[in-house]
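Enquirer: I'm passing along query.txt; it holds compact mmCIF, C-alpha atoms and all ligand atoms.
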# COMPACT_ATOMS: atom_id res chain seq x y z
CA MET L 1 23.53 -18.93 15.36
CA VAL L 2 24.57 -20.19 18.80
CA HIS L 3 24.07 -17.81 21.69
CA VAL L 4 26.97 -18.52 24.04
CA ASN L 5 25.94 -16.14 26.76
CA ASP L 6 22.67 -14.37 26.30
CA SER L 7 23.30 -11.87 29.05
CA LEU L 8 26.17 -10.42 27.03
CA MET L 9 24.14 -10.11 23.87
CA PRO L 10 22.52 -6.83 22.86
CA PRO L 11 18.73 -6.81 23.20
CA ALA L 12 17.17 -8.89 20.45
CA ILE L 13 15.93 -6.83 17.54
CA SER L 14 12.96 -8.62 16.07
CA ASP L 15 12.72 -8.89 12.31
CA PRO L 16 10.52 -6.26 10.70
CA PRO L 17 7.07 -7.66 9.86
CA MET L 18 6.52 -8.93 6.33
CA PRO L 19 4.70 -6.28 4.29
CA LEU L 20 1.06 -7.06 3.59
CA LEU L 21 1.43 -5.31 0.25
CA GLN L 22 4.77 -5.17 -1.49
CA ILE L 23 5.21 -3.42 -4.82
CA ASN L 24 8.52 -3.89 -6.62
CA ASN L 25 9.82 -1.98 -9.63
CA LEU L 26 6.37 -1.44 -11.06
CA ASN L 27 6.19 -0.04 -14.60
CA VAL L 28 2.79 0.53 -16.16
CA TYR L 29 1.85 1.91 -19.57
CA TYR L 30 -1.29 3.15 -21.26
CA GLY L 31 -0.50 2.05 -24.81
CA GLU L 32 2.91 3.56 -25.40
CA SER L 33 2.71 6.19 -22.66
CA HIS L 34 4.87 5.20 -19.76
CA ILE L 35 2.88 6.17 -16.65
CA LEU L 36 4.40 4.39 -13.61
CA ARG L 37 8.17 4.28 -13.39
CA ASN L 38 10.06 1.86 -11.15
CA VAL L 39 7.62 2.19 -8.25
CA ASP L 40 8.54 0.46 -4.99
CA MET L 41 6.13 0.60 -2.08
CA ASN L 42 5.31 -1.35 1.08
CA VAL L 43 2.24 -1.39 3.27
CA LEU L 44 2.88 -3.10 6.60
CA PRO L 45 0.15 -5.04 8.43
CA GLY L 46 -2.17 -2.78 10.41
CA LYS L 47 -0.67 0.40 8.97
CA MET L 48 -2.22 3.24 7.03
CA VAL L 49 -0.18 4.49 4.08
CA CYS L 50 -1.02 7.57 2.06
CA LEU L 51 0.07 8.23 -1.52
CA ILE L 52 0.20 11.92 -2.36
CA GLY L 53 0.93 13.71 -5.60
CA ARG L 54 -0.55 16.31 -7.89
CA ASN L 55 -3.18 15.69 -10.53
CA GLY L 56 -2.32 13.26 -13.27
CA VAL L 57 0.94 11.92 -11.77
CA GLY L 58 -0.30 8.30 -11.74
CA LYS L 59 -1.88 7.71 -8.31
CA THR L 60 -5.05 6.10 -9.64
CA THR L 61 -2.98 4.10 -12.13
CA LEU L 62 -1.05 2.62 -9.21
CA LEU L 63 -4.18 1.67 -7.27
CA LYS L 64 -5.76 0.12 -10.38
CA THR L 65 -2.63 -1.95 -10.88
CA VAL L 66 -2.79 -3.14 -7.26
CA MET L 67 -6.40 -4.16 -7.87
CA GLY L 68 -5.60 -5.93 -11.17
CA LEU L 69 -7.54 -3.55 -13.40
CA LEU L 70 -4.26 -2.72 -15.18
CA SER L 71 -1.30 -5.03 -15.81
CA PRO L 72 2.28 -3.94 -15.31
CA ARG L 73 4.74 -4.34 -18.15
CA LEU L 74 7.43 -4.88 -15.56
CA GLY L 75 7.48 -5.39 -11.81
CA THR L 76 5.48 -7.28 -9.22
CA VAL L 77 2.64 -6.84 -6.77
CA CYS L 78 2.72 -9.20 -3.78
CA LEU L 79 0.05 -9.69 -1.13
CA ALA L 80 1.24 -11.31 2.10
CA GLY L 81 4.30 -12.63 0.27
CA GLN L 82 2.37 -14.11 -2.65
CA GLU L 83 2.83 -12.63 -6.11
CA ILE L 84 -0.59 -11.72 -7.47
CA ASN L 85 0.32 -10.26 -10.90
CA ARG L 86 -1.85 -12.77 -12.75
CA LYS L 87 -4.86 -12.61 -10.45
CA THR L 88 -8.05 -10.98 -11.70
CA PRO L 89 -9.70 -8.18 -9.73
CA ASP L 90 -12.32 -10.67 -8.44
CA GLN L 91 -9.61 -13.02 -7.25
CA ARG L 92 -7.80 -10.14 -5.56
CA ALA L 93 -11.01 -9.17 -3.78
CA ARG L 94 -11.29 -12.73 -2.47
CA LEU L 95 -7.67 -12.63 -1.39
CA GLY L 96 -8.56 -9.65 0.78
CA ILE L 97 -8.16 -6.41 -1.16
CA GLY L 98 -11.13 -4.09 -0.78
CA TYR L 99 -11.15 -1.29 -3.36
CA VAL L 100 -13.08 1.96 -3.35
CA PRO L 101 -12.42 3.66 -6.69
CA GLN L 102 -12.22 7.39 -7.30
CA GLY L 103 -15.63 9.01 -7.68
CA ARG L 104 -19.05 7.83 -6.63
CA ASP L 105 -19.21 4.11 -6.82
CA VAL L 106 -22.58 3.15 -5.38
CA ILE L 107 -25.25 1.63 -7.57
CA PRO L 108 -27.90 4.36 -7.70
CA ARG L 109 -30.91 2.11 -8.44
CA LEU L 110 -30.18 -0.32 -5.59
CA THR L 111 -31.02 0.41 -1.98
CA VAL L 112 -28.35 1.09 0.62
CA LYS L 113 -28.88 -2.40 1.98
CA GLU L 114 -28.59 -3.99 -1.46
CA ASN L 115 -25.41 -2.02 -2.11
CA LEU L 116 -23.97 -3.30 1.17
CA ILE L 117 -24.92 -6.90 0.41
CA LEU L 118 -23.02 -6.62 -2.89
CA GLY L 119 -19.88 -6.28 -0.79
CA LEU L 120 -20.31 -9.89 0.30
CA GLU L 121 -19.22 -11.01 -3.19
CA ALA L 122 -15.64 -10.79 -1.95
CA LEU L 123 -16.34 -13.52 0.64
CA THR L 124 -16.17 -17.23 -0.02
CA LYS L 125 -19.63 -18.86 -0.20
CA ARG L 126 -19.16 -20.65 3.08
CA SER L 127 -19.06 -17.48 5.12
CA LYS L 128 -21.78 -15.60 3.26
CA THR L 129 -24.64 -14.26 5.32
CA GLN L 130 -27.12 -11.57 4.44
CA GLN L 131 -26.59 -9.85 7.77
CA ILE L 132 -24.91 -6.48 7.99
CA PRO L 133 -22.54 -6.53 10.97
CA GLU L 134 -23.22 -3.96 13.66
CA GLU L 135 -19.63 -2.67 13.36
CA ILE L 136 -20.52 -1.23 9.96
CA PHE L 137 -23.16 0.95 11.58
CA GLU L 138 -20.84 1.87 14.43
CA LEU L 139 -18.42 3.23 11.84
CA PHE L 140 -21.08 4.86 9.68
CA PRO L 141 -24.21 5.44 11.82
CA VAL L 142 -25.93 7.40 9.07
CA LEU L 143 -26.26 4.25 6.95
CA LYS L 144 -28.42 2.50 9.54
CA THR L 145 -31.18 5.04 9.14
CA MET L 146 -31.07 4.81 5.35
CA LEU L 147 -31.09 1.10 4.58
CA SER L 148 -34.13 1.23 2.32
CA ARG L 149 -33.18 4.44 0.49
CA MET L 150 -31.89 4.31 -3.07
CA GLY L 151 -28.12 4.68 -3.27
CA GLY L 152 -28.53 7.45 -5.81
CA ASP L 153 -30.62 9.52 -3.37
CA LEU L 154 -27.80 9.80 -0.82
CA SER L 155 -25.58 12.87 -0.57
CA GLY L 156 -22.04 12.65 -1.93
CA GLY L 157 -20.59 12.13 1.53
CA GLN L 158 -23.13 9.44 2.39
CA GLN L 159 -22.41 7.64 -0.88
CA GLN L 160 -18.72 7.64 -0.10
CA GLN L 161 -19.43 6.20 3.36
CA LEU L 162 -21.59 3.55 1.73
CA ALA L 163 -18.82 2.70 -0.75
CA ILE L 164 -16.30 2.24 2.08
CA ALA L 165 -18.79 0.23 4.12
CA ARG L 166 -19.47 -2.03 1.14
CA ALA L 167 -15.74 -2.70 0.75
CA LEU L 168 -15.61 -3.61 4.47
CA MET L 169 -18.43 -6.13 4.02
CA GLY L 170 -15.89 -8.29 2.17
CA GLN L 171 -13.69 -8.35 5.31
CA PRO L 172 -10.57 -7.12 3.52
CA ARG L 173 -7.03 -7.29 4.84
CA LEU L 174 -6.11 -4.28 2.74
CA LEU L 175 -8.47 -1.42 2.07
CA VAL L 176 -7.55 0.69 -0.99
CA LEU L 177 -9.18 4.12 -1.11
CA ASP L 178 -8.83 6.53 -4.04
CA GLU L 179 -9.52 10.13 -2.94
CA PRO L 180 -12.51 9.31 -0.71
CA THR L 181 -13.06 12.97 0.19
CA GLU L 182 -12.97 14.45 -3.31
CA GLY L 183 -15.81 16.94 -3.65
CA ILE L 184 -17.18 16.27 -0.17
CA GLN L 185 -18.10 18.91 2.39
CA PRO L 186 -15.62 19.48 5.25
CA SER L 187 -17.72 18.13 8.14
CA ILE L 188 -18.23 14.83 6.32
CA ILE L 189 -14.52 14.67 5.44
CA LEU L 190 -13.80 14.64 9.19
CA GLU L 191 -16.32 11.83 9.71
CA ILE L 192 -14.81 9.76 6.92
CA GLU L 193 -11.24 10.21 8.10
CA ALA L 194 -12.20 9.35 11.68
CA ALA L 195 -13.93 6.20 10.44
CA VAL L 196 -10.93 5.15 8.36
CA ARG L 197 -8.56 5.73 11.27
CA ARG L 198 -10.89 3.74 13.50
CA ILE L 199 -10.96 0.87 11.02
CA VAL L 200 -7.17 0.70 11.20
CA GLU L 201 -7.09 0.90 15.01
CA THR L 202 -9.87 -1.57 15.78
CA THR L 203 -9.69 -4.16 13.00
CA GLY L 204 -6.00 -4.30 12.11
CA VAL L 205 -6.88 -3.78 8.45
CA SER L 206 -4.16 -2.02 6.44
CA VAL L 207 -5.10 1.00 4.35
CA LEU L 208 -3.58 2.35 1.15
CA LEU L 209 -5.05 5.79 0.64
CA VAL L 210 -4.76 8.42 -2.07
CA GLU L 211 -5.74 11.75 -0.57
CA GLN L 212 -5.32 15.50 -1.05
CA HIS L 213 -6.63 16.83 2.27
CA LEU L 214 -3.67 17.45 4.52
CA HIS L 215 -5.55 16.70 7.74
CA PHE L 216 -6.53 13.28 6.38
CA VAL L 217 -3.03 12.65 5.00
CA ARG L 218 -1.69 13.21 8.51
CA GLN L 219 -3.89 10.40 9.88
CA ALA L 220 -1.71 7.96 7.96
CA ASP L 221 1.38 6.38 9.49
CA TRP L 222 3.53 6.67 6.38
CA TYR L 223 3.46 8.64 3.13
CA TYR L 224 4.81 8.21 -0.36
CA ALA L 225 4.99 11.18 -2.72
CA MET L 226 4.69 10.64 -6.45
CA GLN L 227 5.85 12.84 -9.29
CA LYS L 228 5.65 11.91 -12.98
CA GLY L 229 4.86 8.30 -12.12
CA GLY L 230 7.81 7.77 -9.79
CA ILE L 231 8.12 7.81 -5.99
CA VAL L 232 10.25 10.83 -5.08
CA ALA L 233 9.86 11.02 -1.28
CA SER L 234 8.56 8.89 1.57
CA GLY L 235 8.61 8.75 5.34
CA PRO L 236 6.50 8.87 8.48
CA THR L 237 3.69 11.41 8.09
CA ARG L 238 4.73 13.12 11.31
CA GLU L 239 7.86 14.19 9.43
CA LEU L 240 5.92 15.65 6.48
CA SER L 241 7.56 19.01 5.92
CA ASN L 242 5.82 22.09 4.59
CA GLU L 243 8.08 21.89 1.57
CA VAL L 244 6.93 18.36 0.73
CA ILE L 245 3.32 19.34 1.33
CA GLN L 246 3.58 22.31 -1.00
CA ARG L 247 5.27 20.31 -3.72
CA PHE L 248 2.96 17.32 -3.68
CA LEU L 249 -0.42 18.40 -2.38
CA ALA L 250 -2.80 20.72 -4.16
CA VAL L 251 -3.21 22.93 -1.05
N1 LIG B 301 -7.40 5.29 -19.79
C1 LIG B 301 -6.31 6.05 -20.02
N2 LIG B 301 -5.72 6.07 -21.22
C2 LIG B 301 -4.62 6.83 -21.47
N3 LIG B 301 -4.05 7.61 -20.54
C3 LIG B 301 -4.59 7.65 -19.32
C4 LIG B 301 -5.77 6.88 -18.99
N4 LIG B 301 -6.09 7.12 -17.70
C5 LIG B 301 -5.17 8.00 -17.25
N5 LIG B 301 -4.28 8.31 -18.21
C6 LIG B 301 -3.13 9.22 -18.07
O1 LIG B 301 -2.24 8.64 -17.14
C7 LIG B 301 -1.69 9.64 -16.29
C8 LIG B 301 -1.93 9.27 -14.84
O2 LIG B 301 -3.33 9.29 -14.58
P1 LIG B 301 -3.94 8.92 -13.17
O3 LIG B 301 -5.41 8.89 -13.32
O4 LIG B 301 -3.27 7.72 -12.65
O5 LIG B 301 -3.46 10.19 -12.32
P2 LIG B 301 -3.87 10.63 -10.83
O6 LIG B 301 -2.58 10.92 -10.13
O7 LIG B 301 -4.79 9.66 -10.23
O8 LIG B 301 -4.62 12.02 -11.08
P3 LIG B 301 -5.86 12.73 -10.25
O9 LIG B 301 -5.22 13.39 -9.07
O10 LIG B 301 -6.38 13.72 -11.22
O11 LIG B 301 -6.84 11.67 -9.90
C9 LIG B 301 -2.33 10.96 -16.70
O12 LIG B 301 -1.42 11.63 -17.54
C10 LIG B 301 -3.55 10.54 -17.47
O13 LIG B 301 -3.83 11.48 -18.48
MG MG B 302 -6.71 9.75 -9.53
Here is the file; what I need is its structure written in the form of structure tokens.
Ligand SMILES: Nc1ncnc2c1ncn2[C@@H]1O[C@H](COP(=O)(O)OP(=O)(O)OP(=O)(O)O)[C@@H](O)[C@H]1O
Ligand SMILES: [Mg+2]
Expert:
Amino acid sequence: MVHVNDSLMPPAISDPPMPLLQINNLNVYYGESHILRNVDMNVLPGKMVCLIGRNGVGKTTLLKTVMGLLSPRLGTVCLAGQEINRKTPDQRARLGIGYVPQGRDVIPRLTVKENLILGLEALTKRSKTQQIPEEIFELFPVLKTMLSRMGGDLSGGQQQQLAIARALMGQPRLLVLDEPTEGIQPSIILEIEAAVRRIVETTGVSVLLVEQHLHFVRQADWYYAMQKGGIVASGPTRELSNEVIQRFLAV
């Protein structure tokens, strides 16, 4: 396009950024049961996106498909514009997806430090070091005092912090968190949500979160609501109405 006279042109509107994660028309089955139906979703760089929905609607199924633990029958998952449908979970970790599955995911018979070092698996050999970056302890100070404790001896909230910290050790571009506050006491929930928000603000990492606690959901920039395996509502979290909250959150 030739700009004849720029001063007469409306202010330039820059193109929207390319999504870091782009999910198109995703359909996933367990055997013959059709779980995810035509799911479209975007996570923009540096943004925090929350997926809400009641029990059993398919939230975990979606995150597992993003991570490559399940394969779609139809549809695509793209990371930074590259289709990753055929990549294994290990390959996706190396491409920059850090995944914290639902439930406790620390290795109980390894120490906190050993659990953290496991997170380095997602890095290429070249950049591997056995050092734990200070930023990890700034986000989760409690871990610093517990490096030689067994993972299994930590409280539920501490284990969840360890699981998130381990995912960060792999320096992900996208952090995928499946109900990180499930079964955790309220004061620790606030610590975890503050840490996640801080990760987004200070590192530019994008987050895809499944969460039931409204206060945590509201920390996200954008929400998607799922019902029976399909996305039925989405928008900025500041526009989350009470009606949507009551329909899609178990509050
Ligand atoms: N391994 C499996 N084999 C067969 N069906 C499954 C399997 N795992 C989950 N499902 C079914 O798939 C549906 C979606 O499950 P999913 O775990 O994705 O839901 P969810 O939204 O994460 O639920 P929750 O809020 O309880 O974690 C449910 O009906 C569940 O029973
Ligand atoms: Mg789930």
Enquirer: Got a sec: who's within 7 Å of segment 220-222 of chain L, counting all atoms listed in the file, leaving out chain neighbours fewer than 4 positions off, as a list in words?
Expert: Lys47, Met48, Val49, Cys50, Gly235, Pro236 and Thr237 of chain L
Enquirer: Give me, as a tab-separated table, the closest atom pair and its distance (Å, one decimal) for every residue of chain L within a cut-off of 8 Å of ligand MG 302 (chain B), counting all atoms listed in the file, rows sorted by chain and rising number.
Expert:
residue	atom	partner	partner_atom	distance
L:Asn55	CA	B:MG302	MG	7.0
L:Gly56	CA	B:MG302	MG	6.8
L:Gly58	CA	B:MG302	MG	6.9
L:Lys59	CA	B:MG302	MG	5.4
L:Thr60	CA	B:MG302	MG	4.0
L:Thr61	CA	B:MG302	MG	7.3
L:Gln102	CA	B:MG302	MG	6.4
L:Asp178	CA	B:MG302	MG	6.7
L:Glu179	CA	B:MG302	MG	7.2
L:Val210	CA	B:MG302	MG	7.8
Enquirer: Neighbours of ligand LIG 301 (chain B) at 12 Å or closer, counting all atoms listed in the file: which residues, as a ChimeraX atom specification?
Expert: /L:28-37,51-65,69-70,101-103,177-182,209-213,225-231,248-250
Enquirer: Rounded to one decimal in Å, what is the spacing between atom CA of Leu168 of chain L and atom CA of Gly119 of chain L?
Expert: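 Separating atom CA of Leu168 of chain L from atom CA of Gly119 of chain L is a distance of 7.3 Å.
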Enquirer: Pick from L:Thr111, L:Gln171, L:Thr76, L:Thr203: nearest to Met150 of chain L, with only C-alpha atoms counted?
Expert: L:Thr111
Enquirer: What's the separation between atom CA of Pro19 of chain L and atom CA of Arg198 of chain L, in Å to one decimal place?
Expert: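 Computed distance, atom CA of Pro19 of chain L to atom CA of Arg198 of chain L, equals 20.7 Å.
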Enquirer: Identify the residues around (3.2, -7.8, -10.2) within a radius of 10 Å, measuring from all atoms listed in the file in the coordinates stated by the file, and give them as a ChimeraX atom specification.
Expert: /L:22-27,65-66,68,71-79,82-87
Enquirer: When you draw a straight line from atom CA of Ile117 of chain L to atom CA of Ala195 of chain L, how long is it in Å?
Expert: 19.8 Å
Enquirer: Identify which of the residues L:Ile189, L:Val100, L:Ala80, L:Ile164 lies closest to Leu44 of chain L, counting only C-alpha atoms when measuring atom-to-atom distances.
Expert: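 Counting only C-alpha atoms, the residue closest to Leu44 of chain L is L:Ala80.
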Enquirer: Restricting the calculation to only C-alpha atoms, which member of L:Pro108, L:Pro172, L:Pro16, L:Gly152 is positioned closest to Gly96 of chain L?
Expert: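 When distances to Gly96 of chain L are compared using only C-alpha atoms, the smallest one comes from L:Pro172.
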Enquirer: Pick out the residues sitting within 9 Å of Val142 of chain L, and hand them over as a PyMOL selection string; count all atoms listed in the file, and ignore anything fewer than 3 positions along from it in its own chain.
Expert: chain L and resi 137+145-146+158+161
Enquirer: When you look at Tyr99 of chain L with a cut-off of 8 Å (counting only C-alpha atoms), what residues show up, excluding the ones that are within fewer than 5 positions of it in the same chain? I need them as a PyMOL selection string.
Expert: chain L and resi 67+93+167+175-177
Enquirer: Which protein, DNA or RNA residues are at most 9 Å from (-5.3, 11.6, 10.2) in the file's coordinates when you count only C-alpha atoms, listed as an NGL selection string?
Expert: :L and (193-194 or 196-197 or 214-221)
Enquirer: Can those selected residues be exported to a file as a short mmCIF file (atom, residue, chain, number, x, y, z; two decimals), in the frame of the given file so that it contains C-alpha atoms?
Expert:
data_model
loop_
_atom_site.label_atom_id
_atom_site.label_comp_id
_atom_site.auth_asym_id
_atom_site.auth_seq_id
_atom_site.Cartn_x
_atom_site.Cartn_y
_atom_site.Cartn_z
CA GLU L 193 -11.24 10.21 8.10
CA ALA L 194 -12.20 9.35 11.68
CA VAL L 196 -10.93 5.15 8.36
CA ARG L 197 -8.56 5.73 11.27
CA LEU L 214 -3.67 17.45 4.52
CA HIS L 215 -5.55 16.70 7.74
CA PHE L 216 -6.53 13.28 6.38
CA VAL L 217 -3.03 12.65 5.00
CA ARG L 218 -1.69 13.21 8.51
CA GLN L 219 -3.89 10.40 9.88
CA ALA L 220 -1.71 7.96 7.96
CA ASP L 221 1.38 6.38 9.49
#
Enquirer: From the list L:Ile107, L:Leu123, L:Val43, L:Leu208, which residue is nearest Leu95 of chain L when using all atoms listed in the file?
Expert: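 With all atoms listed in the file as the atom set, the closest residue is L:Leu123.
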